[in-house]
$ cat entry.cif   # mmCIF, N, CA and C atoms and all ligand atoms
data_structure
#
loop_
_atom_site.label_atom_id
_atom_site.label_comp_id
_atom_site.auth_asym_id
_atom_site.auth_seq_id
_atom_site.Cartn_x
_atom_site.Cartn_y
_atom_site.Cartn_z
N MET A 23 -143.40 34.86 9.51
CA MET A 23 -144.72 34.24 9.43
C MET A 23 -144.61 32.77 9.83
N THR A 24 -145.49 32.33 10.70
CA THR A 24 -145.43 30.95 11.16
C THR A 24 -146.04 30.01 10.12
N LYS A 25 -145.79 28.73 10.31
CA LYS A 25 -146.36 27.73 9.40
C LYS A 25 -147.89 27.78 9.45
N ALA A 26 -148.43 27.95 10.67
CA ALA A 26 -149.89 28.01 10.83
C ALA A 26 -150.47 29.21 10.08
N GLN A 27 -149.77 30.35 10.13
CA GLN A 27 -150.25 31.54 9.42
C GLN A 27 -150.23 31.31 7.91
N LYS A 28 -149.17 30.68 7.42
CA LYS A 28 -149.08 30.39 5.99
C LYS A 28 -150.20 29.45 5.55
N GLU A 29 -150.49 28.46 6.40
CA GLU A 29 -151.57 27.52 6.07
C GLU A 29 -152.92 28.22 6.05
N LEU A 30 -153.12 29.14 7.00
CA LEU A 30 -154.37 29.88 7.05
C LEU A 30 -154.54 30.73 5.79
N ILE A 31 -153.49 31.40 5.39
CA ILE A 31 -153.54 32.24 4.19
C ILE A 31 -153.84 31.39 2.95
N ALA A 32 -153.19 30.23 2.86
CA ALA A 32 -153.43 29.34 1.72
C ALA A 32 -154.88 28.84 1.72
N GLU A 33 -155.40 28.54 2.90
CA GLU A 33 -156.78 28.06 3.01
C GLU A 33 -157.76 29.17 2.63
N GLN A 34 -157.48 30.39 3.09
CA GLN A 34 -158.36 31.52 2.76
C GLN A 34 -158.34 31.79 1.26
N LYS A 35 -157.16 31.66 0.64
CA LYS A 35 -157.06 31.89 -0.80
C LYS A 35 -157.90 30.87 -1.57
N LYS A 36 -157.81 29.60 -1.17
CA LYS A 36 -158.58 28.55 -1.84
C LYS A 36 -160.07 28.83 -1.69
N THR A 37 -160.50 29.18 -0.47
CA THR A 37 -161.91 29.49 -0.23
C THR A 37 -162.35 30.67 -1.07
N ALA A 38 -161.53 31.71 -1.10
CA ALA A 38 -161.88 32.91 -1.87
C ALA A 38 -162.04 32.58 -3.35
N LEU A 39 -161.13 31.78 -3.90
CA LEU A 39 -161.22 31.40 -5.31
C LEU A 39 -162.50 30.60 -5.57
N ASP A 40 -162.83 29.69 -4.65
CA ASP A 40 -164.05 28.89 -4.81
C ASP A 40 -165.30 29.78 -4.80
N VAL A 41 -165.35 30.72 -3.85
CA VAL A 41 -166.51 31.62 -3.75
C VAL A 41 -166.63 32.47 -5.01
N LEU A 42 -165.51 33.02 -5.45
CA LEU A 42 -165.55 33.89 -6.63
C LEU A 42 -165.93 33.12 -7.88
N ARG A 43 -165.45 31.88 -7.99
CA ARG A 43 -165.84 31.04 -9.14
C ARG A 43 -167.34 30.84 -9.17
N GLY A 44 -167.93 30.68 -7.99
CA GLY A 44 -169.37 30.48 -7.91
C GLY A 44 -170.17 31.72 -8.25
N LEU A 45 -169.62 32.88 -7.92
CA LEU A 45 -170.36 34.13 -8.11
C LEU A 45 -170.11 34.80 -9.45
N LEU A 46 -168.98 34.48 -10.08
CA LEU A 46 -168.59 35.22 -11.28
C LEU A 46 -168.38 34.28 -12.47
N PRO A 47 -169.47 33.87 -13.11
CA PRO A 47 -169.28 33.10 -14.34
C PRO A 47 -168.61 33.97 -15.40
N ALA A 48 -167.99 33.33 -16.39
CA ALA A 48 -167.32 34.07 -17.46
C ALA A 48 -168.27 35.09 -18.07
N SER A 49 -167.73 36.22 -18.44
CA SER A 49 -168.44 37.35 -19.04
C SER A 49 -169.28 38.15 -18.06
N SER A 50 -169.13 37.86 -16.76
CA SER A 50 -169.81 38.67 -15.75
C SER A 50 -169.22 40.08 -15.73
N TYR A 51 -170.02 41.01 -15.25
CA TYR A 51 -169.49 42.34 -14.94
C TYR A 51 -168.86 42.30 -13.56
N VAL A 52 -167.66 42.84 -13.45
CA VAL A 52 -167.04 43.05 -12.15
C VAL A 52 -167.11 44.54 -11.89
N ASN A 53 -167.81 44.89 -10.84
CA ASN A 53 -168.05 46.30 -10.54
C ASN A 53 -166.97 46.81 -9.60
N ILE A 54 -166.30 47.86 -10.03
CA ILE A 54 -165.19 48.41 -9.26
C ILE A 54 -165.56 49.80 -8.76
N VAL A 55 -165.30 50.03 -7.50
CA VAL A 55 -165.53 51.35 -6.91
C VAL A 55 -164.18 51.96 -6.54
N TYR A 56 -163.92 53.16 -7.05
CA TYR A 56 -162.70 53.87 -6.68
C TYR A 56 -162.94 54.53 -5.33
N VAL A 57 -162.13 54.14 -4.35
CA VAL A 57 -162.33 54.62 -2.99
C VAL A 57 -161.48 55.86 -2.73
N GLY A 58 -160.32 55.91 -3.35
CA GLY A 58 -159.42 57.04 -3.12
C GLY A 58 -158.00 56.62 -3.39
N GLY A 59 -157.08 57.46 -3.00
CA GLY A 59 -155.70 57.08 -3.20
C GLY A 59 -154.76 58.26 -3.15
N THR A 60 -153.52 57.96 -3.42
CA THR A 60 -152.45 58.95 -3.47
C THR A 60 -151.82 58.84 -4.85
N PRO A 61 -150.86 59.69 -5.17
CA PRO A 61 -150.19 59.53 -6.47
C PRO A 61 -149.53 58.16 -6.63
N ALA A 62 -149.22 57.49 -5.53
CA ALA A 62 -148.52 56.20 -5.63
C ALA A 62 -149.45 54.99 -5.54
N VAL A 63 -150.58 55.16 -4.89
CA VAL A 63 -151.45 54.01 -4.62
C VAL A 63 -152.91 54.39 -4.83
N SER A 64 -153.65 53.53 -5.53
CA SER A 64 -155.09 53.71 -5.68
C SER A 64 -155.80 52.65 -4.85
N ARG A 65 -156.96 53.02 -4.32
CA ARG A 65 -157.71 52.06 -3.49
C ARG A 65 -159.08 51.81 -4.12
N PHE A 66 -159.46 50.51 -4.15
CA PHE A 66 -160.70 50.12 -4.79
C PHE A 66 -161.46 49.10 -3.94
N ARG A 67 -162.75 49.03 -4.17
CA ARG A 67 -163.56 47.93 -3.66
C ARG A 67 -164.15 47.21 -4.88
N VAL A 68 -164.49 45.95 -4.70
CA VAL A 68 -165.06 45.15 -5.78
C VAL A 68 -166.45 44.69 -5.35
N LEU A 69 -167.44 44.99 -6.17
CA LEU A 69 -168.82 44.64 -5.84
C LEU A 69 -169.41 43.79 -6.96
N GLN A 70 -170.38 42.97 -6.57
CA GLN A 70 -171.07 42.18 -7.58
C GLN A 70 -172.56 42.36 -7.40
N SER A 71 -173.25 42.64 -8.48
CA SER A 71 -174.70 42.66 -8.41
C SER A 71 -175.14 41.24 -8.11
N ASP A 72 -176.00 41.12 -7.16
CA ASP A 72 -176.42 39.79 -6.73
C ASP A 72 -177.67 39.39 -7.53
N PRO A 73 -177.56 38.31 -8.33
CA PRO A 73 -178.72 37.93 -9.13
C PRO A 73 -179.85 37.36 -8.30
N VAL A 74 -179.57 36.97 -7.06
CA VAL A 74 -180.59 36.37 -6.21
C VAL A 74 -181.30 37.44 -5.39
N ARG A 75 -180.52 38.27 -4.74
CA ARG A 75 -181.11 39.31 -3.90
C ARG A 75 -181.47 40.51 -4.76
N THR A 76 -182.49 41.21 -4.37
CA THR A 76 -182.86 42.42 -5.09
C THR A 76 -182.61 43.66 -4.25
N ASP A 77 -182.14 43.46 -3.03
CA ASP A 77 -181.99 44.59 -2.11
C ASP A 77 -180.56 45.09 -2.01
N GLY A 78 -179.72 44.68 -2.92
CA GLY A 78 -178.38 45.21 -2.80
C GLY A 78 -177.35 44.45 -3.59
N ILE A 79 -176.14 44.68 -3.23
CA ILE A 79 -175.02 44.09 -3.93
C ILE A 79 -174.09 43.42 -2.93
N VAL A 80 -173.30 42.50 -3.42
CA VAL A 80 -172.39 41.76 -2.57
C VAL A 80 -171.00 42.38 -2.68
N ASP A 81 -170.38 42.64 -1.55
CA ASP A 81 -169.02 43.19 -1.54
C ASP A 81 -168.04 42.02 -1.60
N LEU A 82 -167.29 41.97 -2.68
CA LEU A 82 -166.36 40.86 -2.90
C LEU A 82 -164.92 41.23 -2.55
N THR A 83 -164.72 42.40 -2.00
CA THR A 83 -163.37 42.93 -1.83
C THR A 83 -162.47 41.98 -1.03
N TRP A 84 -162.98 41.47 0.09
CA TRP A 84 -162.17 40.57 0.92
C TRP A 84 -161.75 39.34 0.13
N PHE A 85 -162.68 38.77 -0.62
CA PHE A 85 -162.39 37.56 -1.39
C PHE A 85 -161.35 37.85 -2.48
N VAL A 86 -161.49 39.00 -3.12
CA VAL A 86 -160.54 39.35 -4.18
C VAL A 86 -159.15 39.55 -3.59
N ALA A 87 -159.09 40.20 -2.44
CA ALA A 87 -157.78 40.41 -1.79
C ALA A 87 -157.11 39.07 -1.49
N ARG A 88 -157.88 38.12 -0.98
CA ARG A 88 -157.31 36.81 -0.67
C ARG A 88 -156.95 36.03 -1.93
N ALA A 89 -157.83 36.07 -2.91
CA ALA A 89 -157.62 35.30 -4.14
C ALA A 89 -156.40 35.77 -4.90
N LEU A 90 -156.15 37.09 -4.88
CA LEU A 90 -155.07 37.65 -5.69
C LEU A 90 -153.86 38.05 -4.84
N ASP A 91 -153.88 37.69 -3.56
CA ASP A 91 -152.77 38.06 -2.66
C ASP A 91 -152.50 39.55 -2.69
N MET A 92 -153.57 40.33 -2.65
CA MET A 92 -153.41 41.79 -2.72
C MET A 92 -153.34 42.41 -1.34
N LYS A 93 -152.65 43.52 -1.26
CA LYS A 93 -152.59 44.28 -0.01
C LYS A 93 -153.88 45.07 0.14
N THR A 94 -154.27 45.26 1.42
CA THR A 94 -155.47 46.03 1.68
C THR A 94 -155.15 47.20 2.59
N ALA A 95 -156.00 48.23 2.51
CA ALA A 95 -155.88 49.40 3.39
C ALA A 95 -156.62 49.10 4.70
N LYS A 96 -156.54 50.03 5.63
CA LYS A 96 -157.21 49.85 6.93
C LYS A 96 -158.71 49.64 6.77
N ASP A 97 -159.31 50.26 5.77
CA ASP A 97 -160.75 50.11 5.55
C ASP A 97 -161.09 48.86 4.75
N GLY A 98 -160.09 48.04 4.45
CA GLY A 98 -160.34 46.79 3.72
C GLY A 98 -160.28 46.93 2.22
N SER A 99 -160.16 48.14 1.71
CA SER A 99 -160.11 48.31 0.25
C SER A 99 -158.78 47.78 -0.29
N LEU A 100 -158.80 47.47 -1.57
CA LEU A 100 -157.62 46.91 -2.24
C LEU A 100 -156.64 48.02 -2.58
N ARG A 101 -155.38 47.77 -2.31
CA ARG A 101 -154.34 48.75 -2.64
C ARG A 101 -153.66 48.32 -3.94
N VAL A 102 -153.70 49.21 -4.93
CA VAL A 102 -153.07 48.91 -6.22
C VAL A 102 -152.03 49.99 -6.49
N GLY A 103 -150.81 49.57 -6.80
CA GLY A 103 -149.75 50.53 -7.09
C GLY A 103 -150.08 51.32 -8.34
N GLY A 104 -149.83 52.62 -8.29
CA GLY A 104 -150.09 53.47 -9.43
C GLY A 104 -151.32 54.31 -9.22
N HIS A 105 -151.49 55.27 -10.12
CA HIS A 105 -152.55 56.24 -9.96
C HIS A 105 -153.53 56.16 -11.12
N GLY A 106 -154.79 56.31 -10.81
CA GLY A 106 -155.78 56.44 -11.86
C GLY A 106 -156.71 55.25 -11.96
N LEU A 107 -157.83 55.51 -12.61
CA LEU A 107 -158.87 54.49 -12.68
C LEU A 107 -158.46 53.30 -13.53
N ASN A 108 -157.49 53.48 -14.46
CA ASN A 108 -157.09 52.34 -15.27
C ASN A 108 -156.42 51.26 -14.41
N ARG A 109 -156.00 51.63 -13.20
CA ARG A 109 -155.43 50.64 -12.29
C ARG A 109 -156.49 49.60 -11.92
N ALA A 110 -157.73 50.00 -11.98
CA ALA A 110 -158.82 49.09 -11.63
C ALA A 110 -158.81 47.87 -12.55
N TYR A 111 -158.40 48.10 -13.80
CA TYR A 111 -158.44 46.98 -14.73
C TYR A 111 -157.46 45.88 -14.35
N THR A 112 -156.38 46.24 -13.64
CA THR A 112 -155.44 45.21 -13.21
C THR A 112 -156.13 44.21 -12.28
N ILE A 113 -157.11 44.69 -11.52
CA ILE A 113 -157.87 43.79 -10.63
C ILE A 113 -158.72 42.83 -11.47
N VAL A 114 -159.44 43.39 -12.44
CA VAL A 114 -160.35 42.57 -13.25
C VAL A 114 -159.56 41.55 -14.07
N TYR A 115 -158.47 41.99 -14.64
CA TYR A 115 -157.62 41.07 -15.42
C TYR A 115 -157.03 40.00 -14.51
N GLY A 116 -156.56 40.41 -13.34
CA GLY A 116 -156.00 39.44 -12.39
C GLY A 116 -157.02 38.41 -11.95
N LEU A 117 -158.25 38.86 -11.77
CA LEU A 117 -159.32 37.93 -11.40
C LEU A 117 -159.54 36.90 -12.49
N GLY A 118 -159.57 37.36 -13.72
CA GLY A 118 -159.74 36.44 -14.85
C GLY A 118 -158.63 35.41 -14.90
N ARG A 119 -157.40 35.87 -14.72
CA ARG A 119 -156.26 34.94 -14.76
C ARG A 119 -156.30 33.95 -13.59
N ALA A 120 -156.76 34.43 -12.44
CA ALA A 120 -156.81 33.56 -11.25
C ALA A 120 -157.92 32.51 -11.35
N LEU A 121 -159.06 32.93 -11.88
CA LEU A 121 -160.20 32.01 -11.94
C LEU A 121 -160.18 31.13 -13.19
N TYR A 122 -159.50 31.61 -14.22
CA TYR A 122 -159.41 30.85 -15.47
C TYR A 122 -157.95 30.75 -15.91
N PRO A 123 -157.12 30.06 -15.12
CA PRO A 123 -155.69 29.99 -15.43
C PRO A 123 -155.38 29.27 -16.75
N ASN A 124 -156.31 28.44 -17.20
CA ASN A 124 -156.08 27.69 -18.44
C ASN A 124 -156.92 28.25 -19.60
N GLY A 125 -157.36 29.48 -19.45
CA GLY A 125 -158.19 30.09 -20.48
C GLY A 125 -159.64 30.11 -20.06
N SER A 126 -160.41 31.02 -20.66
CA SER A 126 -161.82 31.16 -20.28
C SER A 126 -162.72 30.67 -21.39
N PRO A 127 -163.87 30.10 -21.00
CA PRO A 127 -164.80 29.60 -22.01
C PRO A 127 -165.53 30.73 -22.73
N CYS A 128 -165.71 30.56 -24.02
CA CYS A 128 -166.51 31.51 -24.78
C CYS A 128 -167.96 31.39 -24.33
N THR A 129 -168.60 32.53 -24.12
CA THR A 129 -169.99 32.50 -23.66
C THR A 129 -170.97 32.86 -24.78
N GLY A 130 -170.48 32.86 -26.01
CA GLY A 130 -171.37 33.15 -27.13
C GLY A 130 -171.42 34.63 -27.45
N GLU A 131 -172.56 35.09 -27.89
CA GLU A 131 -172.69 36.46 -28.38
C GLU A 131 -172.30 37.52 -27.35
N ASP A 132 -172.46 37.19 -26.04
CA ASP A 132 -172.14 38.18 -25.01
C ASP A 132 -170.72 38.01 -24.47
N CYS A 133 -169.89 37.21 -25.14
CA CYS A 133 -168.56 36.90 -24.65
C CYS A 133 -167.71 38.16 -24.48
N ALA A 134 -166.98 38.20 -23.35
CA ALA A 134 -166.16 39.37 -23.04
C ALA A 134 -164.73 39.24 -23.53
N SER A 135 -164.37 38.08 -24.10
CA SER A 135 -162.97 37.88 -24.46
C SER A 135 -162.45 38.92 -25.44
N ASN A 136 -161.23 39.32 -25.20
CA ASN A 136 -160.57 40.28 -26.08
C ASN A 136 -160.31 39.70 -27.46
N ASP A 137 -160.32 38.37 -27.57
CA ASP A 137 -160.09 37.74 -28.87
C ASP A 137 -161.08 38.27 -29.91
N HIS A 138 -162.32 38.50 -29.48
CA HIS A 138 -163.34 38.95 -30.43
C HIS A 138 -163.06 40.38 -30.92
N ASN A 139 -162.41 41.18 -30.07
CA ASN A 139 -162.01 42.53 -30.50
C ASN A 139 -160.87 42.47 -31.49
N ASN A 140 -160.16 41.34 -31.50
CA ASN A 140 -159.01 41.18 -32.38
C ASN A 140 -159.33 40.35 -33.61
N GLY A 141 -160.61 40.26 -33.95
CA GLY A 141 -160.99 39.65 -35.21
C GLY A 141 -161.58 38.26 -35.13
N ASP A 142 -161.57 37.63 -33.95
CA ASP A 142 -162.14 36.28 -33.82
C ASP A 142 -163.67 36.37 -33.90
N GLN A 143 -164.23 35.85 -34.98
CA GLN A 143 -165.69 35.92 -35.18
C GLN A 143 -166.38 34.61 -34.78
N ASP A 144 -165.61 33.66 -34.22
CA ASP A 144 -166.17 32.37 -33.80
C ASP A 144 -166.69 32.49 -32.37
N TYR A 145 -168.01 32.52 -32.23
CA TYR A 145 -168.63 32.67 -30.92
C TYR A 145 -169.19 31.35 -30.42
N THR A 146 -168.52 30.24 -30.73
CA THR A 146 -168.99 28.93 -30.30
C THR A 146 -168.91 28.83 -28.77
N VAL A 147 -170.06 28.60 -28.15
CA VAL A 147 -170.10 28.51 -26.69
C VAL A 147 -169.23 27.36 -26.20
N GLY A 148 -168.39 27.65 -25.23
CA GLY A 148 -167.54 26.62 -24.65
C GLY A 148 -166.14 26.56 -25.23
N LYS A 149 -165.97 27.15 -26.41
CA LYS A 149 -164.62 27.24 -26.98
C LYS A 149 -163.72 27.96 -25.98
N ILE A 150 -162.48 27.54 -25.84
CA ILE A 150 -161.61 28.14 -24.84
C ILE A 150 -160.77 29.26 -25.44
N HIS A 151 -160.87 30.45 -24.82
CA HIS A 151 -159.99 31.56 -25.17
C HIS A 151 -158.73 31.41 -24.34
N SER A 152 -157.58 31.55 -24.97
CA SER A 152 -156.32 31.20 -24.31
C SER A 152 -155.99 32.09 -23.11
N ASP A 153 -156.40 33.35 -23.12
CA ASP A 153 -156.07 34.24 -22.01
C ASP A 153 -157.28 34.45 -21.11
N GLY A 154 -157.26 33.83 -19.94
CA GLY A 154 -158.36 33.96 -18.99
C GLY A 154 -158.51 35.36 -18.42
N GLY A 155 -157.51 36.19 -18.62
CA GLY A 155 -157.56 37.55 -18.09
C GLY A 155 -158.69 38.39 -18.65
N TYR A 156 -159.24 37.97 -19.78
CA TYR A 156 -160.33 38.74 -20.39
C TYR A 156 -161.68 38.09 -20.13
N ALA A 157 -161.76 37.28 -19.10
CA ALA A 157 -163.00 36.57 -18.82
C ALA A 157 -164.13 37.50 -18.38
N PHE A 158 -163.76 38.63 -17.78
CA PHE A 158 -164.78 39.51 -17.19
C PHE A 158 -164.80 40.88 -17.82
N ARG A 159 -165.93 41.54 -17.64
CA ARG A 159 -166.09 42.93 -18.05
C ARG A 159 -165.94 43.80 -16.80
N MET A 160 -165.42 44.97 -16.97
CA MET A 160 -165.30 45.89 -15.84
C MET A 160 -166.31 47.00 -15.95
N ARG A 161 -166.91 47.33 -14.83
CA ARG A 161 -167.80 48.47 -14.77
C ARG A 161 -167.35 49.33 -13.60
N LEU A 162 -167.00 50.57 -13.86
CA LEU A 162 -166.63 51.48 -12.77
C LEU A 162 -167.91 52.11 -12.24
N ILE A 163 -168.13 51.97 -10.95
CA ILE A 163 -169.35 52.54 -10.36
C ILE A 163 -169.00 53.45 -9.18
ZN ZN B 1 -165.72 34.25 -26.93
#
$ encode --input "entry.cif" --output "structure tokens" --more "lines below"
Ligand SMILES: [Zn+2]
Amino acid sequence: MTKAQKELIAEQKKTALDVLRGLLPASSYVNIVYVGGTPAVSRFRVLQSDPVRTDGIVDLTWFVARALDMKTAKDGSLRVGGHGLNRAYTIVYGLGRALYPNGSPCTGEDCASNDHNNGDQDYTVGKIHSDGGYAFRMRLI
């Protein structure tokens, strides 16, 4: 890989992270579509319901691939090692860690953080949950 290619990849990753940060506030649903796969690899696309448009959804797959340095199939879907729909959660968790590397903010009563499942009853908005991986909810569609 040339220096120029490495720079392009780094630039695309930064852009992808910026776009995803803008589209996916903490506690958003990340919609995952299972595209197919083999016993060794599952393929997924990532979609976001667009709060602005009413005529459809935004395909975030390219941005997620760049943001998380994931491999893609010929059709652009994300390739995840392993079999089964639970592999989809690795994408959602990875997104949370990438977008909230220093922890995710509590969003109050609708907060998606796993801390609340583990007994944390403090829903103070803005409080930081230490693991950003639980910033988002997953919806398989
Ligand atoms: Zn919370």
$ residues_near_ligand --input "entry.cif" --ligand "ligand ZN 1 (chain B)" --cutoff "8 Å" --atoms "only C-alpha atoms and all ligand atoms" --output "ChimeraX atom specification"
/A:127-138,144-147,149-151
$ closest_residue --input "entry.cif" --among "A:Leu90, A:Ala157, A:Ala95, A:Ala48" --to "Ile113 in chain A" --atoms "only C-alpha atoms"
A:Leu90
$ select_by_dssp --input "entry.cif" --residues "chain A" --states "strand (DSSP E or B)" --output "ChimeraX atom specification"
/A:51-59,63-71,79-81,94,100-103,126-127,150-151,159-162
$ select_by_dssp --input "entry.cif" --residues "chain A" --states "helix (DSSP H, G or I)" --output "number ranges by chain"
A: 25-45, 83-89, 107-121, 130-132, 136-140, 154-156
$ closest_residue --input "entry.cif" --among "A:Ala32, A:Leu39, A:Ala89, A:Ile54" --to "Arg161 in chain A" --atoms "only C-alpha atoms"
A:Ile54
$ atom_distance --input "entry.cif" --atom1 "atom C of Ser152 in chain A" --atom2 "CA of Ala110 in chain A"
20.7 Å
$ residues_around --input "entry.cif" --residues "Met160 in chain A" --least-positions-apart "5" --cutoff "8 Å" --atoms "only N, CA and C atoms" --output "ChimeraX atom specification"
/A:49-54,110-111,114-115
$ write_last_selection --input "entry.cif" --atoms "N, CA and C atoms" --output "compact mmCIF listing (two decimals), in the coordinates of the input"
# COMPACT_ATOMS: atom_id res chain seq x y z
N SER A 49 -167.73 36.22 -18.44
CA SER A 49 -168.44 37.35 -19.04
C SER A 49 -169.28 38.15 -18.06
N SER A 50 -169.13 37.86 -16.76
CA SER A 50 -169.81 38.67 -15.75
C SER A 50 -169.22 40.08 -15.73
N TYR A 51 -170.02 41.01 -15.25
CA TYR A 51 -169.49 42.34 -14.94
C TYR A 51 -168.86 42.30 -13.56
N VAL A 52 -167.66 42.84 -13.45
CA VAL A 52 -167.04 43.05 -12.15
C VAL A 52 -167.11 44.54 -11.89
N ASN A 53 -167.81 44.89 -10.84
CA ASN A 53 -168.05 46.30 -10.54
C ASN A 53 -166.97 46.81 -9.60
N ILE A 54 -166.30 47.86 -10.03
CA ILE A 54 -165.19 48.41 -9.26
C ILE A 54 -165.56 49.80 -8.76
N ALA A 110 -157.73 50.00 -11.98
CA ALA A 110 -158.82 49.09 -11.63
C ALA A 110 -158.81 47.87 -12.55
N TYR A 111 -158.40 48.10 -13.80
CA TYR A 111 -158.44 46.98 -14.73
C TYR A 111 -157.46 45.88 -14.35
N VAL A 114 -159.44 43.39 -12.44
CA VAL A 114 -160.35 42.57 -13.25
C VAL A 114 -159.56 41.55 -14.07
N TYR A 115 -158.47 41.99 -14.64
CA TYR A 115 -157.62 41.07 -15.42
C TYR A 115 -157.03 40.00 -14.51
$ residues_near_point --input "entry.cif" --point "(-165.5, 45.8, -3.9)" --cutoff "12 Å" --atoms "only C-alpha atoms" --output "JSON, numbers by chain"
{"A": [52, 53, 54, 55, 56, 57, 65, 66, 67, 68, 69, 70, 71, 79, 80, 81, 82, 83, 84, 85, 86, 87, 94, 97, 98, 99, 100, 101, 110, 113, 114, 160, 161, 162, 163]}
$ atom_distance --input "entry.cif" --atom1 "atom N of Lys35 in chain A" --atom2 "atom C of Pro123 in chain A"
17.6 Å
